[in-house]
Amino acid sequence: MEIIRTVSEMKAAAAAFRAEGLSAGLVPTMGSLHEGHMSLVRKAVSENDRTVVSIFVNPIQFEAHEDFGSYPRDMAKDSELCERASVDVVFNPSAREMYPDGFHSYVDMSVLTEGLCGARRPNHFRGVCTVVSKLFNITYPRRAYFGQKDAQQLAVIKRMVLDLNMDVEVVGMPVIREADGLAMSSRNAYLNDEERADAAYICKALSEASRLFDEGERDIRRIERHIGELLSKIPSIALEYAEIVDAKTMRPPDGDHGEIICAVAARVGKTRLIDNVRLK
Ligand code: PAF
């Protein structure tokens, strides 16, 4: 496995794959890899001739008051996990390499980014769209893999690929959970024991939403309120939103067609976690 730190070397490696007629799968990450990431990596390895994992904590997708500085970083462990999973290249550029002096171009999106996380993190999706576009241009993947835990991110990236005619197949992969249901996330590492135990209630509340929906409840406001009531009983949890939306438009469902999800963002102590469940 090769670790590449410059854009020019990564572009050269990707061009060599292409020249040899080899397909490349890209797994974009911010590192601190866990089983959720590794499920994407395994899928990429199984579907492509070459697999590239990018590890880059992208400064421009964090708001000024957020955890960019303290975001967990463990390059040694991440490289070992990638090596064992038969990854071909880890692309690990510095912020200066990705955003050199004079960098002024951004990829922005309206509508899809206006609700849910986008409403609370106004610069976040501009940062995500910009870095993912750059990663696509640098690594030329045939397929790119993203987790469904970040449901709005997945919808935004699918839309961007469509709108900007990018030649990449975006593959969404199921949420991977701990034994008690907590969705795996690098930010779970911030939780103390009590918060860690409480965090499992997010998934329990989502299961309740699923149960109500399966039993025929179609008043989505009632389901959203129910989740709010359940989570308000857990002292360390402050709910940001619980919303039932169409997975493609991130808007309230329009009738009974399309994929419908219930998405939650909550602070557990100081840690912001997101999760969602597919209702239909
Ligand atoms: O989901 C993430 O880890 C990040 O948002 C991504 C897609 C790697 C872009 O920095």
# chains A, B, ... in the order shown; residues from 1 in each chain; ligands from 1
>>> closest_atom_pairs(of="chain A", to="ligand 1", cutoff="6 Å", atoms="only C-alpha atoms and all ligand atoms", output="JSON lines")
{"residue": "A:Pro28", "atom": "CA", "partner": "ligand 1", "partner_atom_place_in_ligand_line": "8 (C)", "distance": 4.3}
{"residue": "A:Thr29", "atom": "CA", "partner": "ligand 1", "partner_atom_place_in_ligand_line": "8 (C)", "distance": 3.6}
{"residue": "A:Met30", "atom": "CA", "partner": "ligand 1", "partner_atom_place_in_ligand_line": "3 (O)", "distance": 4.7}
{"residue": "A:Asn58", "atom": "CA", "partner": "ligand 1", "partner_atom_place_in_ligand_line": "10 (O)", "distance": 5.2}
{"residue": "A:Val128", "atom": "CA", "partner": "ligand 1", "partner_atom_place_in_ligand_line": "9 (C)", "distance": 4.9}
{"residue": "A:Val132", "atom": "CA", "partner": "ligand 1", "partner_atom_place_in_ligand_line": "9 (C)", "distance": 5.9}
>>> closest_atom_pairs(of="stretch 211-259 of chain A", to="stretch 150-166 of chain A", cutoff="10 Å", atoms="only C-alpha atoms", output="JSON lines")
{"residue": "A:Asp246", "atom": "CA", "partner": "A:Ala155", "partner_atom": "CA", "distance": 9.9}
{"residue": "A:Ala247", "atom": "CA", "partner": "A:Ala155", "partner_atom": "CA", "distance": 6.9}
{"residue": "A:Lys248", "atom": "CA", "partner": "A:Ala155", "partner_atom": "CA", "distance": 5.6}
{"residue": "A:Thr249", "atom": "CA", "partner": "A:Ala155", "partner_atom": "CA", "distance": 7.4}
{"residue": "A:Met250", "atom": "CA", "partner": "A:Gln152", "partner_atom": "CA", "distance": 6.8}
>>> closest_atom_pairs(of="stretch 81-170 of chain A", to="stretch 9-13 of chain A", cutoff="9 Å", atoms="only C-alpha atoms", output="Markdown table")
| residue | atom | partner | partner_atom | distance |
| --- | --- | --- | --- | --- |
| A:Val89 | CA | A:Met10 | CA | 8.7 |
| A:Phe91 | CA | A:Met10 | CA | 7.0 |
| A:Asn137 | CA | A:Lys11 | CA | 8.2 |
| A:Ile138 | CA | A:Lys11 | CA | 5.2 |
| A:Thr139 | CA | A:Lys11 | CA | 6.0 |
| A:Tyr140 | CA | A:Lys11 | CA | 8.0 |
>>> residues_around(residues="A:Glu195", least_positions_apart="5", cutoff="8 Å", atoms="only C-alpha atoms", output="JSON, numbers by chain")
{"A": [236, 268, 269]}
>>> write_last_selection(atoms="N, CA and C atoms", output="JSON list (two decimals), in the first residue's frame")
[["chain", "number", "residue", "atom", "x", "y", "z"],
["A", 236, "SER", "N", -28.81, 14.09, 29.42],
["A", 236, "SER", "CA", -27.63, 14.61, 28.70],
["A", 236, "SER", "C", -27.93, 14.94, 27.24],
["A", 268, "VAL", "N", -25.23, 15.23, 22.70],
["A", 268, "VAL", "CA", -25.16, 14.40, 23.90],
["A", 268, "VAL", "C", -24.00, 14.99, 24.68],
["A", 269, "GLY", "N", -24.31, 15.69, 25.77],
["A", 269, "GLY", "CA", -23.28, 16.53, 26.40],
["A", 269, "GLY", "C", -22.90, 17.58, 25.37]]
>>> residues_around(residues="A:Leu26", least_positions_apart="4", cutoff="8 Å", atoms="only C-alpha atoms", output="list in words")
Ala44, Thr51, Val52, Val53, Ser54, Thr139, Pro141, Arg142, Arg143, Ala144 and Tyr145 of chain A
>>> select_by_dssp(residues="stretch 20-167 of chain A", states="strand (DSSP E)", output="ChimeraX atom specification")
/A:24-29,50-55,89-91,143-147
>>> write_last_selection(atoms="all heavy atoms", output="compact mmCIF listing (two decimals), in the first residue's frame")
# COMPACT_ATOMS: atom_id res chain seq x y z
N ALA A 24 -11.07 2.54 -10.39
CA ALA A 24 -10.70 2.94 -9.03
C ALA A 24 -11.95 3.25 -8.22
O ALA A 24 -12.87 3.90 -8.71
CB ALA A 24 -9.78 4.16 -9.07
N GLY A 25 -11.95 2.78 -6.97
CA GLY A 25 -13.03 3.13 -6.02
C GLY A 25 -12.43 4.06 -4.99
O GLY A 25 -11.33 3.83 -4.49
N LEU A 26 -13.17 5.15 -4.69
CA LEU A 26 -12.69 6.12 -3.69
C LEU A 26 -13.56 6.05 -2.44
O LEU A 26 -14.79 6.07 -2.53
CB LEU A 26 -12.75 7.55 -4.27
CG LEU A 26 -12.48 8.68 -3.27
CD1 LEU A 26 -11.02 8.68 -2.80
CD2 LEU A 26 -12.84 10.04 -3.87
N VAL A 27 -12.91 5.98 -1.28
CA VAL A 27 -13.64 6.11 0.00
C VAL A 27 -13.12 7.39 0.66
O VAL A 27 -12.04 7.40 1.24
CB VAL A 27 -13.41 4.88 0.92
CG1 VAL A 27 -14.24 5.02 2.19
CG2 VAL A 27 -13.75 3.58 0.19
N PRO A 28 -13.90 8.49 0.56
CA PRO A 28 -13.45 9.74 1.19
C PRO A 28 -13.73 9.68 2.70
O PRO A 28 -14.86 9.35 3.10
CB PRO A 28 -14.32 10.82 0.54
CG PRO A 28 -15.06 10.14 -0.58
CD PRO A 28 -15.13 8.70 -0.22
N THR A 29 -12.72 9.97 3.52
CA THR A 29 -12.93 9.97 4.97
C THR A 29 -12.16 11.12 5.60
O THR A 29 -11.31 11.73 4.97
CB THR A 29 -12.40 8.66 5.64
OG1 THR A 29 -10.98 8.75 5.81
CG2 THR A 29 -12.74 7.42 4.84
N ARG A 50 -8.77 -1.05 -8.12
CA ARG A 50 -7.91 -0.35 -7.17
C ARG A 50 -8.79 0.44 -6.20
O ARG A 50 -9.83 0.97 -6.60
CB ARG A 50 -6.99 0.64 -7.90
CG ARG A 50 -5.96 -0.02 -8.80
CD ARG A 50 -4.87 -0.74 -8.01
NE ARG A 50 -3.89 -1.38 -8.87
CZ ARG A 50 -3.97 -2.63 -9.33
NH1 ARG A 50 -5.00 -3.41 -9.02
NH2 ARG A 50 -3.01 -3.12 -10.10
N THR A 51 -8.36 0.52 -4.94
CA THR A 51 -9.12 1.29 -3.94
C THR A 51 -8.24 2.38 -3.34
O THR A 51 -7.11 2.12 -2.92
CB THR A 51 -9.65 0.36 -2.82
OG1 THR A 51 -10.55 -0.57 -3.41
CG2 THR A 51 -10.38 1.14 -1.74
N VAL A 52 -8.78 3.59 -3.35
CA VAL A 52 -8.11 4.75 -2.75
C VAL A 52 -8.95 5.20 -1.55
O VAL A 52 -10.16 5.39 -1.69
CB VAL A 52 -8.00 5.91 -3.77
CG1 VAL A 52 -7.33 7.13 -3.13
CG2 VAL A 52 -7.26 5.47 -5.03
N VAL A 53 -8.31 5.34 -0.40
CA VAL A 53 -8.99 5.92 0.77
C VAL A 53 -8.36 7.28 1.02
O VAL A 53 -7.13 7.38 1.16
CB VAL A 53 -8.81 5.02 2.03
CG1 VAL A 53 -9.38 5.71 3.27
CG2 VAL A 53 -9.49 3.67 1.82
N SER A 54 -9.19 8.34 1.01
CA SER A 54 -8.62 9.64 1.35
C SER A 54 -8.85 9.90 2.84
O SER A 54 -9.92 9.59 3.37
CB SER A 54 -9.22 10.76 0.50
OG SER A 54 -10.60 10.86 0.74
N ILE A 55 -7.81 10.40 3.49
CA ILE A 55 -7.88 10.74 4.92
C ILE A 55 -7.49 12.21 5.01
O ILE A 55 -6.33 12.57 4.83
CB ILE A 55 -6.92 9.85 5.74
CG1 ILE A 55 -7.36 8.38 5.62
CG2 ILE A 55 -6.89 10.31 7.21
CD1 ILE A 55 -6.54 7.39 6.44
N VAL A 89 -4.10 2.67 -2.15
CA VAL A 89 -3.50 3.98 -1.88
C VAL A 89 -4.27 4.69 -0.77
O VAL A 89 -5.50 4.72 -0.78
CB VAL A 89 -3.55 4.88 -3.15
CG1 VAL A 89 -3.01 6.28 -2.85
CG2 VAL A 89 -2.80 4.27 -4.32
N VAL A 90 -3.53 5.24 0.19
CA VAL A 90 -4.13 6.19 1.14
C VAL A 90 -3.67 7.57 0.69
O VAL A 90 -2.46 7.83 0.57
CB VAL A 90 -3.68 5.90 2.59
CG1 VAL A 90 -4.07 7.06 3.51
CG2 VAL A 90 -4.30 4.61 3.10
N PHE A 91 -4.62 8.45 0.43
CA PHE A 91 -4.30 9.82 0.03
C PHE A 91 -4.49 10.70 1.27
O PHE A 91 -5.61 10.82 1.77
CB PHE A 91 -5.22 10.25 -1.12
CG PHE A 91 -4.99 11.68 -1.56
CD1 PHE A 91 -3.71 12.15 -1.83
CD2 PHE A 91 -6.07 12.55 -1.73
CE1 PHE A 91 -3.50 13.46 -2.23
CE2 PHE A 91 -5.87 13.86 -2.14
CZ PHE A 91 -4.58 14.31 -2.38
N ARG A 143 -16.15 4.79 -8.92
CA ARG A 143 -17.20 4.75 -7.90
C ARG A 143 -16.69 5.44 -6.63
O ARG A 143 -15.49 5.36 -6.34
CB ARG A 143 -17.56 3.30 -7.54
CG ARG A 143 -18.06 2.50 -8.71
CD ARG A 143 -18.44 1.08 -8.31
NE ARG A 143 -18.73 0.31 -9.52
CZ ARG A 143 -17.81 -0.34 -10.23
NH1 ARG A 143 -16.54 -0.38 -9.84
NH2 ARG A 143 -18.15 -0.98 -11.33
N ALA A 144 -17.61 6.06 -5.88
CA ALA A 144 -17.22 6.65 -4.59
C ALA A 144 -18.25 6.22 -3.55
O ALA A 144 -19.45 6.14 -3.84
CB ALA A 144 -17.17 8.17 -4.69
N TYR A 145 -17.77 5.96 -2.34
CA TYR A 145 -18.58 5.30 -1.31
C TYR A 145 -18.80 6.21 -0.11
O TYR A 145 -17.85 6.78 0.43
CB TYR A 145 -17.87 4.00 -0.86
CG TYR A 145 -17.72 3.03 -2.03
CD1 TYR A 145 -16.68 3.20 -2.96
CD2 TYR A 145 -18.63 2.01 -2.23
CE1 TYR A 145 -16.56 2.34 -4.05
CE2 TYR A 145 -18.51 1.15 -3.32
CZ TYR A 145 -17.48 1.33 -4.22
OH TYR A 145 -17.37 0.50 -5.31
N PHE A 146 -20.08 6.33 0.30
CA PHE A 146 -20.44 7.20 1.41
C PHE A 146 -21.44 6.47 2.31
O PHE A 146 -22.25 5.67 1.82
CB PHE A 146 -21.10 8.49 0.90
CG PHE A 146 -20.19 9.33 0.04
CD1 PHE A 146 -20.10 9.10 -1.33
CD2 PHE A 146 -19.41 10.33 0.60
CE1 PHE A 146 -19.24 9.86 -2.13
CE2 PHE A 146 -18.56 11.10 -0.19
CZ PHE A 146 -18.47 10.87 -1.55
N GLY A 147 -21.41 6.79 3.61
CA GLY A 147 -22.33 6.13 4.55
C GLY A 147 -23.69 6.80 4.56
O GLY A 147 -23.80 8.02 4.43
